[in-house]
Structure formats: structure tokens, C-alpha cells
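A.B. asks: Sending over model35.pdb (PDB, C-alpha atoms).
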```pdb
ATOM      1  CA  MET A  21      15.720  40.522 156.189
ATOM      2  CA  THR A  22      14.441  38.134 158.787
ATOM      3  CA  ASP A  23      13.075  34.660 158.100
ATOM      4  CA  VAL A  24       9.539  35.923 158.658
ATOM      5  CA  GLU A  25       9.944  38.631 156.040
ATOM      6  CA  ASP A  26      11.350  36.186 153.485
ATOM      7  CA  LYS A  27       8.285  33.961 153.842
ATOM      8  CA  THR A  28       5.738  36.744 153.314
ATOM      9  CA  LEU A  29       7.328  38.783 150.540
ATOM     10  CA  PRO A  30       6.808  37.708 146.902
ATOM     11  CA  SER A  31       9.912  36.537 145.038
ATOM     12  CA  THR A  32       9.123  38.646 141.946
ATOM     13  CA  PRO A  33       8.313  42.360 141.969
ATOM     14  CA  GLU A  34       4.546  42.803 142.029
ATOM     15  CA  PHE A  35       2.139  45.544 142.994
ATOM     16  CA  LEU A  36       0.026  44.419 145.917
ATOM     17  CA  ILE A  37      -3.015  45.917 147.581
ATOM     18  CA  ALA A  38      -3.575  44.601 151.090
ATOM     19  CA  THR A  39      -5.299  45.706 154.260
ATOM     20  CA  ASP A  40      -2.878  43.783 156.474
ATOM     21  CA  VAL A  41       0.828  43.803 155.623
ATOM     22  CA  ASN A  42       1.335  40.747 157.833
ATOM     23  CA  ASN A  43      -1.128  38.685 155.768
ATOM     24  CA  LEU A  44      -0.242  38.970 152.083
ATOM     25  CA  ASN A  45      -2.281  35.874 151.225
ATOM     26  CA  ASP A  46      -5.380  38.084 151.120
ATOM     27  CA  ALA A  47      -3.680  40.746 148.990
ATOM     28  CA  THR A  48      -4.789  41.659 145.493
ATOM     29  CA  VAL A  49      -2.012  41.491 142.904
ATOM     30  CA  LEU A  50      -2.175  44.264 140.328
ATOM     31  CA  PRO A  51      -1.267  43.219 136.787
ATOM     32  CA  ASP A  52       2.133  44.165 135.417
ATOM     33  CA  THR A  53       1.755  43.296 131.725
ATOM     34  CA  ALA A  54      -0.615  44.449 128.989
ATOM     35  CA  GLU A  55      -2.012  40.930 128.663
ATOM     36  CA  ARG A  56      -2.848  40.730 132.352
ATOM     37  CA  LYS A  57      -4.292  44.252 132.342
ATOM     38  CA  ALA A  58      -6.653  43.307 129.501
ATOM     39  CA  THR A  59      -8.223  40.615 131.664
ATOM     40  CA  GLN A  60      -9.223  43.243 134.224
ATOM     41  CA  LEU A  61     -12.097  44.628 132.172
ATOM     42  CA  PRO A  62     -15.304  44.414 134.195
ATOM     43  CA  ASP A  63     -18.188  42.194 133.160
ATOM     44  CA  PRO A  64     -21.259  44.388 132.671
ATOM     45  CA  ALA A  65     -24.135  43.573 134.988
ATOM     46  CA  GLY A  66     -27.765  43.224 133.983
ATOM     47  CA  TYR A  67     -28.776  45.028 130.821
ATOM     48  CA  ARG A  68     -25.564  47.030 130.359
ATOM     49  CA  LEU A  69     -22.892  46.975 127.662
ATOM     50  CA  LEU A  70     -19.178  47.610 128.196
ATOM     51  CA  CYS A  71     -17.873  49.789 125.382
ATOM     52  CA  ALA A  72     -14.464  51.176 124.456
ATOM     53  CA  ILE A  73     -13.979  54.634 123.054
ATOM     54  CA  PRO A  74     -12.122  54.537 119.729
ATOM     55  CA  GLU A  75      -8.823  56.389 119.633
ATOM     56  CA  VAL A  76      -9.098  60.006 118.518
ATOM     57  CA  GLU A  77      -7.218  61.106 115.406
ATOM     58  CA  GLU A  78      -3.971  62.964 116.164
ATOM     59  CA  LYS A  79      -4.326  65.356 113.206
ATOM     60  CA  THR A  80      -7.095  67.306 111.544
ATOM     61  CA  ALA A  81      -8.140  66.614 107.950
ATOM     62  CA  GLY A  82      -5.801  69.452 106.939
ATOM     63  CA  GLY A  83      -2.807  67.810 108.620
ATOM     64  CA  LEU A  84      -2.558  70.018 111.721
ATOM     65  CA  PHE A  85      -1.903  68.386 115.060
ATOM     66  CA  LYS A  86      -4.824  68.624 117.486
ATOM     67  CA  ALA A  87      -4.320  70.123 120.923
ATOM     68  CA  ASP A  88      -4.642  67.743 123.881
ATOM     69  CA  GLU A  89      -7.731  69.657 125.037
ATOM     70  CA  THR A  90      -9.368  69.152 121.628
ATOM     71  CA  LYS A  91      -8.619  65.424 121.639
ATOM     72  CA  ARG A  92     -10.012  65.089 125.171
ATOM     73  CA  PHE A  93     -13.217  66.943 124.182
ATOM     74  CA  GLU A  94     -13.660  64.671 121.149
ATOM     75  CA  GLU A  95     -13.134  61.604 123.348
ATOM     76  CA  LEU A  96     -15.716  62.807 125.889
ATOM     77  CA  THR A  97     -18.377  63.664 123.316
ATOM     78  CA  THR A  98     -17.888  60.932 120.735
ATOM     79  CA  PRO A  99     -21.093  59.244 119.592
ATOM     80  CA  VAL A 100     -19.107  56.177 118.386
ATOM     81  CA  LEU A 101     -18.342  53.281 120.741
ATOM     82  CA  PHE A 102     -16.942  49.779 120.288
ATOM     83  CA  VAL A 103     -18.899  47.001 122.057
ATOM     84  CA  LEU A 104     -16.578  44.805 124.132
ATOM     85  CA  LYS A 105     -18.957  42.878 126.378
ATOM     86  CA  ILE A 106     -22.721  42.541 126.730
ATOM     87  CA  GLY A 107     -24.420  41.944 130.090
ATOM     88  CA  PRO A 108     -26.472  38.781 130.685
ATOM     89  CA  ASP A 109     -29.857  40.576 130.597
ATOM     90  CA  ALA A 110     -29.131  42.949 127.701
ATOM     91  CA  PHE A 111     -31.707  42.850 124.886
ATOM     92  CA  LYS A 112     -33.715  40.089 126.664
ATOM     93  CA  ASP A 113     -36.913  42.164 127.055
ATOM     94  CA  GLU A 114     -39.030  41.032 124.080
ATOM     95  CA  LYS A 115     -41.406  43.982 124.453
ATOM     96  CA  ARG A 116     -38.589  46.510 124.060
ATOM     97  CA  PHE A 117     -36.545  44.482 121.566
ATOM     98  CA  PRO A 118     -39.092  42.481 119.510
ATOM     99  CA  THR A 119     -36.625  41.892 116.661
ATOM    100  CA  GLY A 120     -33.777  40.823 118.943
ATOM    101  CA  PRO A 121     -30.489  42.490 119.927
ATOM    102  CA  TYR A 122     -29.566  45.820 118.355
ATOM    103  CA  CYS A 123     -25.856  44.918 118.290
ATOM    104  CA  LYS A 124     -23.316  42.256 119.233
ATOM    105  CA  GLU A 125     -19.826  42.162 120.711
ATOM    106  CA  GLY A 126     -17.336  43.593 118.215
ATOM    107  CA  ASP A 127     -19.760  46.112 116.654
ATOM    108  CA  PHE A 128     -19.204  49.849 116.351
ATOM    109  CA  ILE A 129     -22.324  51.614 117.550
ATOM    110  CA  LEU A 130     -23.733  55.126 117.638
ATOM    111  CA  THR A 131     -25.149  56.465 120.880
ATOM    112  CA  ARG A 132     -25.759  59.844 122.462
ATOM    113  CA  PRO A 133     -22.495  61.672 123.196
ATOM    114  CA  HIS A 134     -22.760  61.610 127.005
ATOM    115  CA  ALA A 135     -24.515  58.233 127.373
ATOM    116  CA  GLY A 136     -23.472  55.838 130.088
ATOM    117  CA  SER A 137     -21.077  55.779 132.987
ATOM    118  CA  ARG A 138     -17.484  56.656 132.223
ATOM    119  CA  VAL A 139     -14.694  54.620 133.801
ATOM    120  CA  LYS A 140     -10.927  54.692 133.278
ATOM    121  CA  ILE A 141      -8.979  51.442 133.442
ATOM    122  CA  HIS A 142      -5.186  51.653 133.156
ATOM    123  CA  GLY A 143      -5.424  55.069 131.504
ATOM    124  CA  ARG A 144      -7.979  54.040 128.870
ATOM    125  CA  GLU A 145     -11.575  55.259 129.024
ATOM    126  CA  PHE A 146     -14.570  52.937 128.756
ATOM    127  CA  ARG A 147     -18.315  53.417 129.082
ATOM    128  CA  LEU A 148     -21.032  51.253 130.573
ATOM    129  CA  ILE A 149     -24.241  52.008 128.682
ATOM    130  CA  ASN A 150     -27.792  50.668 128.836
ATOM    131  CA  ASP A 151     -28.954  48.326 126.079
ATOM    132  CA  ASP A 152     -31.585  50.833 124.934
ATOM    133  CA  SER A 153     -28.904  53.525 124.404
ATOM    134  CA  VAL A 154     -27.790  51.920 121.131
ATOM    135  CA  GLU A 155     -29.096  54.047 118.265
ATOM    136  CA  ALA A 156     -27.330  52.492 115.257
ATOM    137  CA  VAL A 157     -24.633  50.044 114.186
ATOM    138  CA  VAL A 158     -21.952  51.285 111.781
ATOM    139  CA  GLU A 159     -19.433  49.275 109.789
ATOM    140  CA  ASP A 160     -16.751  51.956 109.531
ATOM    141  CA  PRO A 161     -16.716  54.648 112.219
ATOM    142  CA  ARG A 162     -14.037  56.775 110.551
ATOM    143  CA  GLY A 163     -15.285  60.206 109.689
ATOM    144  CA  ILE A 164     -18.224  60.083 112.114
ATOM    145  CA  SER A 165     -18.248  62.904 114.650
ATOM    146  CA  ARG A 166     -20.734  64.736 116.789
ATOM    147  CA  GLY A 167     -22.890  67.123 114.793
TER     148      GLY A 167
END
```
Just give me the structure of the file as C-alpha cells.
C.D. replies:
Amino acid sequence: MTDVEDKTLPSTPEFLIATDVNNLNDATVLPDTAERKATQLPDPAGYRLLCAIPEVEEKTAGGLFKADETKRFEELTTPVLFVLKIGPDAFKDEKRFPTGPYCKEGDFILTRPHAGSRVKIHGREFRLINDDSVEAVVEDPRGISRG
């Protein structure tokens, strides 16, 4: 390696995204640990909510393992979401929400199965939904499935 290369390359292995390999100061460093990946969740804009999809059960009630295709279908069509973050304008319209917010961060909610925009972050699927897509809050989502 030359002196120039030593000055520009990071001393620890990292994943970098850059448009100019000669200028790594403007590069984006991708996270390498679970803790750092967790901080990459987007902040919802406007009246949107960022929700996580609960993990799908591996087995049926009878104890049979579900096929990967079945688990994927259940994940795509689940009406249950977990609220992670709420946008700054969510539930602020007093005409639409006269009694205040329908839910808060940390709630399990029911919504329509295909509501919102789906996004995958580090292999995990999330949804960005509108504040008026919340249909109910549930304490225990186990056993709830699409009808």
C-alpha cells in the first residue's frame, strides 16, 4: 500500500457507500452491529406511523411446521402491526381525531391487511401507514389473523 492509500482507508473493516473512492470523507458507513442497525429506522414524515410486523408463528396450532410460502403470505396479509414511531403531524387534525390519538408508540394495532407502504430494512419488513389506517388497538395480538 502507498502512503496515500493508508490515509484514506479506514483502520477497521466497515462497509462504505461512496460516489468517489478518492474522497471517503463523504462516504456513508453502513452499520455492522445489531445495535447500530436498529438506529437506522426511518422517522415517519407528516401523518404517518412506522410499524413493525410481528414475527409469524413457526408452527400451526396442531404442531406442524409452516412452509416458508405460508409464513410469507401471513406476514404480507397480517392485520396486526406494532407501532414503533409516530410522525410529527399524526393525529393532529382535530376534525378527524376529536378524541385525540387512536394509538401510541408501543401499541399493537389492527389495520387493513395491505395498508401502507412496505419497506425492508436489514431483512426485516416494516410498514409506513397513515394515521387514519388504525382501526383498533389490541393488548395481546396472539391468535389474531386475517379473516
A.B. asks: Hey, which of A:Ala87, A:Val103, A:Val154, A:Leu96 ends up closest to A:Phe128? Count only C-alpha atoms.
C.D. replies: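 Of the candidates, the smallest distance to A:Phe128 is held by A:Val103.
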A.B. asks: Carefully work through the PyMOL selection byres ((chain A and resi 109) around 12) for this structure and note down the residues it includes, as an MDAnalysis selection string.
C.D. replies: chainID A and resid 64:69 105:108 110:114 117 121 150:152
A.B. asks: From the set A:Val157, A:Leu84, A:Ala72, A:Val139, which residue has the shortest atom-to-atom contact distance to A:Cys123, counting all atoms listed in the file?
C.D. replies: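 Using all atoms listed in the file, the shortest distance to A:Cys123 belongs to A:Val157.
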A.B. asks: Which of these residues is nearest to A:Gly136, using all atoms listed in the file: A:Cys71, A:Leu104, A:Arg166, A:Glu155?
C.D. replies: A:Cys71
A.B. asks: Between atom CA of A:Leu148 and atom CA of A:Thr80, what distance in Å does the model show, to one decimal?
C.D. replies: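 Atom-to-atom, atom CA of A:Leu148 to atom CA of A:Thr80, that is 28.5 Å.
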A.B. asks: As a check of understanding, name the residues that the PyMOL selection byres ((chain A and resi 135) around 9) selects in the supplied structure, as a short mmCIF file (atom, residue, chain, number, x, y, z; two decimals) with C-alpha atoms, keeping the file's coordinate frame.
C.D. replies:
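selection.cif written:
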```cif
data_model
loop_
_atom_site.label_atom_id
_atom_site.label_comp_id
_atom_site.auth_asym_id
_atom_site.auth_seq_id
_atom_site.Cartn_x
_atom_site.Cartn_y
_atom_site.Cartn_z
CA PRO A 99 -21.09 59.24 119.59
CA THR A 131 -25.15 56.46 120.88
CA ARG A 132 -25.76 59.84 122.46
CA PRO A 133 -22.50 61.67 123.20
CA HIS A 134 -22.76 61.61 127.00
CA GLY A 136 -23.47 55.84 130.09
CA SER A 137 -21.08 55.78 132.99
CA ARG A 138 -17.48 56.66 132.22
CA ARG A 147 -18.32 53.42 129.08
CA LEU A 148 -21.03 51.25 130.57
CA ILE A 149 -24.24 52.01 128.68
CA ASN A 150 -27.79 50.67 128.84
CA SER A 153 -28.90 53.52 124.40
#
```
A.B. asks: Write out as lines of an AutoDock Vina configuration file an axis-aligned box for stretch 112-122 of chain A: all of its atoms listed in the file, 8 Å added on each side, centre and edge lengths in Å with one decimal.
C.D. replies:
```
center_x = -35.5
center_y = 43.3
center_z = 121.9
size_x = 27.8
size_y = 22.4
size_z = 26.4
```
A.B. asks: Using Å and a single decimal, report how far atom CA of A:Ser165 sits from atom CA of A:Glu78.
C.D. replies: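 Result for atom CA of A:Glu78 versus atom CA of A:Ser165: 14.4 Å, one decimal.
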A.B. asks: Select, from A:Pro74, A:Gly126, A:Thr53, A:His142, the residue with the minimum atom-to-atom distance to A:Glu94, counting all atoms listed in the file.
C.D. replies: A:Pro74
A.B. asks: Can you work out the spacing between atom CA of A:Lys140 and atom CA of A:Glu75 in Å, to one decimal?
C.D. replies: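 Separation of atom CA of A:Lys140 and atom CA of A:Glu75: 13.9 Å.
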A.B. asks: Counting only C-alpha atoms, which of A:Gly163, A:Ile73, A:Lys79, A:Gly120 gets nearest to A:Thr98?
C.D. replies: A:Ile73
A.B. asks: Considering only C-alpha atoms, can you say which of A:Glu89, A:Glu77, A:Glu145, A:Asp127 comes closest to A:Ile164?
C.D. replies: A:Glu77
A.B. asks: Kindly write stretch 62-150 of chain A with C-alpha atoms to a file, as a PDB file, in the first residue's frame.
C.D. replies:
```
ATOM      1  CA  PRO A  62     -36.584   5.943   9.362  1.00  0.00           C
ATOM      2  CA  ASP A  63     -38.524   8.683  11.107  1.00  0.00           C
ATOM      3  CA  PRO A  64     -42.020   8.801   9.608  1.00  0.00           C
ATOM      4  CA  ALA A  65     -42.878  12.078   7.924  1.00  0.00           C
ATOM      5  CA  GLY A  66     -46.102  14.011   8.342  1.00  0.00           C
ATOM      6  CA  TYR A  67     -49.102  11.990   9.435  1.00  0.00           C
ATOM      7  CA  ARG A  68     -47.537   8.537   9.013  1.00  0.00           C
ATOM      8  CA  LEU A  69     -46.694   5.800  11.505  1.00  0.00           C
ATOM      9  CA  LEU A  70     -43.737   3.415  11.274  1.00  0.00           C
ATOM     10  CA  CYS A  71     -44.877  -0.073  12.225  1.00  0.00           C
ATOM     11  CA  ALA A  72     -43.147  -3.432  12.574  1.00  0.00           C
ATOM     12  CA  ILE A  73     -44.743  -6.671  11.518  1.00  0.00           C
ATOM     13  CA  PRO A  74     -44.830  -9.178  14.385  1.00  0.00           C
ATOM     14  CA  GLU A  75     -42.965 -12.418  13.794  1.00  0.00           C
ATOM     15  CA  VAL A  76     -45.085 -15.187  12.301  1.00  0.00           C
ATOM     16  CA  GLU A  77     -45.505 -18.420  14.251  1.00  0.00           C
ATOM     17  CA  GLU A  78     -43.274 -21.254  13.002  1.00  0.00           C
ATOM     18  CA  LYS A  79     -45.878 -23.969  13.668  1.00  0.00           C
ATOM     19  CA  THR A  80     -49.605 -24.385  13.260  1.00  0.00           C
ATOM     20  CA  ALA A  81     -51.894 -24.896  16.257  1.00  0.00           C
ATOM     21  CA  GLY A  82     -51.600 -28.639  15.585  1.00  0.00           C
ATOM     22  CA  GLY A  83     -47.802 -28.555  15.819  1.00  0.00           C
ATOM     23  CA  LEU A  84     -46.954 -28.814  12.109  1.00  0.00           C
ATOM     24  CA  PHE A  85     -44.216 -26.620  10.719  1.00  0.00           C
ATOM     25  CA  LYS A  86     -45.456 -23.978   8.276  1.00  0.00           C
ATOM     26  CA  ALA A  87     -43.975 -23.761   4.802  1.00  0.00           C
ATOM     27  CA  ASP A  88     -41.912 -20.654   4.023  1.00  0.00           C
ATOM     28  CA  GLU A  89     -44.528 -19.606   1.453  1.00  0.00           C
ATOM     29  CA  THR A  90     -47.267 -19.812   4.101  1.00  0.00           C
ATOM     30  CA  LYS A  91     -45.259 -17.737   6.574  1.00  0.00           C
ATOM     31  CA  ARG A  92     -44.541 -15.121   3.896  1.00  0.00           C
ATOM     32  CA  PHE A  93     -48.255 -14.917   2.971  1.00  0.00           C
ATOM     33  CA  GLU A  94     -49.200 -14.470   6.640  1.00  0.00           C
ATOM     34  CA  GLU A  95     -46.570 -11.737   7.003  1.00  0.00           C
ATOM     35  CA  LEU A  96     -47.850  -9.896   3.915  1.00  0.00           C
ATOM     36  CA  THR A  97     -51.515 -10.043   4.905  1.00  0.00           C
ATOM     37  CA  THR A  98     -51.333  -9.635   8.669  1.00  0.00           C
ATOM     38  CA  PRO A  99     -53.780  -7.112  10.108  1.00  0.00           C
ATOM     39  CA  VAL A 100     -51.626  -6.753  13.276  1.00  0.00           C
ATOM     40  CA  LEU A 101     -48.795  -4.209  13.450  1.00  0.00           C
ATOM     41  CA  PHE A 102     -46.579  -2.876  16.232  1.00  0.00           C
ATOM     42  CA  VAL A 103     -46.230   0.937  16.351  1.00  0.00           C
ATOM     43  CA  LEU A 104     -42.566   1.967  16.534  1.00  0.00           C
ATOM     44  CA  LYS A 105     -42.644   5.667  15.688  1.00  0.00           C
ATOM     45  CA  ILE A 106     -45.328   8.273  15.050  1.00  0.00           C
ATOM     46  CA  GLY A 107     -44.836  11.171  12.621  1.00  0.00           C
ATOM     47  CA  PRO A 108     -44.979  14.779  13.860  1.00  0.00           C
ATOM     48  CA  ASP A 109     -48.381  15.529  12.261  1.00  0.00           C
ATOM     49  CA  ALA A 110     -50.092  12.216  13.060  1.00  0.00           C
ATOM     50  CA  PHE A 111     -53.444  12.555  14.855  1.00  0.00           C
ATOM     51  CA  LYS A 112     -53.137  16.391  14.948  1.00  0.00           C
ATOM     52  CA  ASP A 113     -56.267  17.054  12.839  1.00  0.00           C
ATOM     53  CA  GLU A 114     -58.941  17.748  15.480  1.00  0.00           C
ATOM     54  CA  LYS A 115     -61.760  17.329  12.957  1.00  0.00           C
ATOM     55  CA  ARG A 116     -60.674  13.787  12.088  1.00  0.00           C
ATOM     56  CA  PHE A 117     -59.485  12.840  15.581  1.00  0.00           C
ATOM     57  CA  PRO A 118     -61.731  14.781  18.011  1.00  0.00           C
ATOM     58  CA  THR A 119     -60.920  12.456  20.926  1.00  0.00           C
ATOM     59  CA  GLY A 120     -57.166  12.507  20.318  1.00  0.00           C
ATOM     60  CA  PRO A 121     -54.722   9.878  19.027  1.00  0.00           C
ATOM     61  CA  TYR A 122     -56.004   6.391  18.247  1.00  0.00           C
ATOM     62  CA  CYS A 123     -52.757   4.778  19.445  1.00  0.00           C
ATOM     63  CA  LYS A 124     -49.287   5.490  20.815  1.00  0.00           C
ATOM     64  CA  GLU A 125     -45.779   4.148  20.298  1.00  0.00           C
ATOM     65  CA  GLY A 126     -45.545   0.605  21.666  1.00  0.00           C
ATOM     66  CA  ASP A 127     -49.166  -0.353  20.873  1.00  0.00           C
ATOM     67  CA  PHE A 128     -50.285  -3.334  18.817  1.00  0.00           C
ATOM     68  CA  ILE A 129     -52.848  -2.149  16.304  1.00  0.00           C
ATOM     69  CA  LEU A 130     -55.249  -3.644  13.790  1.00  0.00           C
ATOM     70  CA  THR A 131     -55.323  -2.272  10.266  1.00  0.00           C
ATOM     71  CA  ARG A 132     -56.325  -3.488   6.830  1.00  0.00           C
ATOM     72  CA  PRO A 133     -54.081  -6.321   5.621  1.00  0.00           C
ATOM     73  CA  HIS A 134     -52.440  -4.432   2.735  1.00  0.00           C
ATOM     74  CA  ALA A 135     -52.376  -0.957   4.328  1.00  0.00           C
ATOM     75  CA  GLY A 136     -49.342   1.246   3.953  1.00  0.00           C
ATOM     76  CA  SER A 137     -46.033   1.157   2.168  1.00  0.00           C
ATOM     77  CA  ARG A 138     -43.886  -1.895   2.748  1.00  0.00           C
ATOM     78  CA  VAL A 139     -40.150  -1.471   3.278  1.00  0.00           C
ATOM     79  CA  LYS A 140     -37.446  -3.976   4.214  1.00  0.00           C
ATOM     80  CA  ILE A 141     -34.596  -2.864   6.455  1.00  0.00           C
ATOM     81  CA  HIS A 142     -31.809  -5.374   7.127  1.00  0.00           C
ATOM     82  CA  GLY A 143     -34.082  -8.268   6.173  1.00  0.00           C
ATOM     83  CA  ARG A 144     -36.979  -7.234   8.423  1.00  0.00           C
ATOM     84  CA  GLU A 145     -40.213  -5.863   6.974  1.00  0.00           C
ATOM     85  CA  PHE A 146     -41.835  -2.648   8.185  1.00  0.00           C
ATOM     86  CA  ARG A 147     -44.825  -0.615   7.053  1.00  0.00           C
ATOM     87  CA  LEU A 148     -45.443   3.109   6.875  1.00  0.00           C
ATOM     88  CA  ILE A 149     -49.177   3.657   7.328  1.00  0.00           C
ATOM     89  CA  ASN A 150     -51.408   6.726   7.511  1.00  0.00           C
TER      90      ASN A 150
END
```
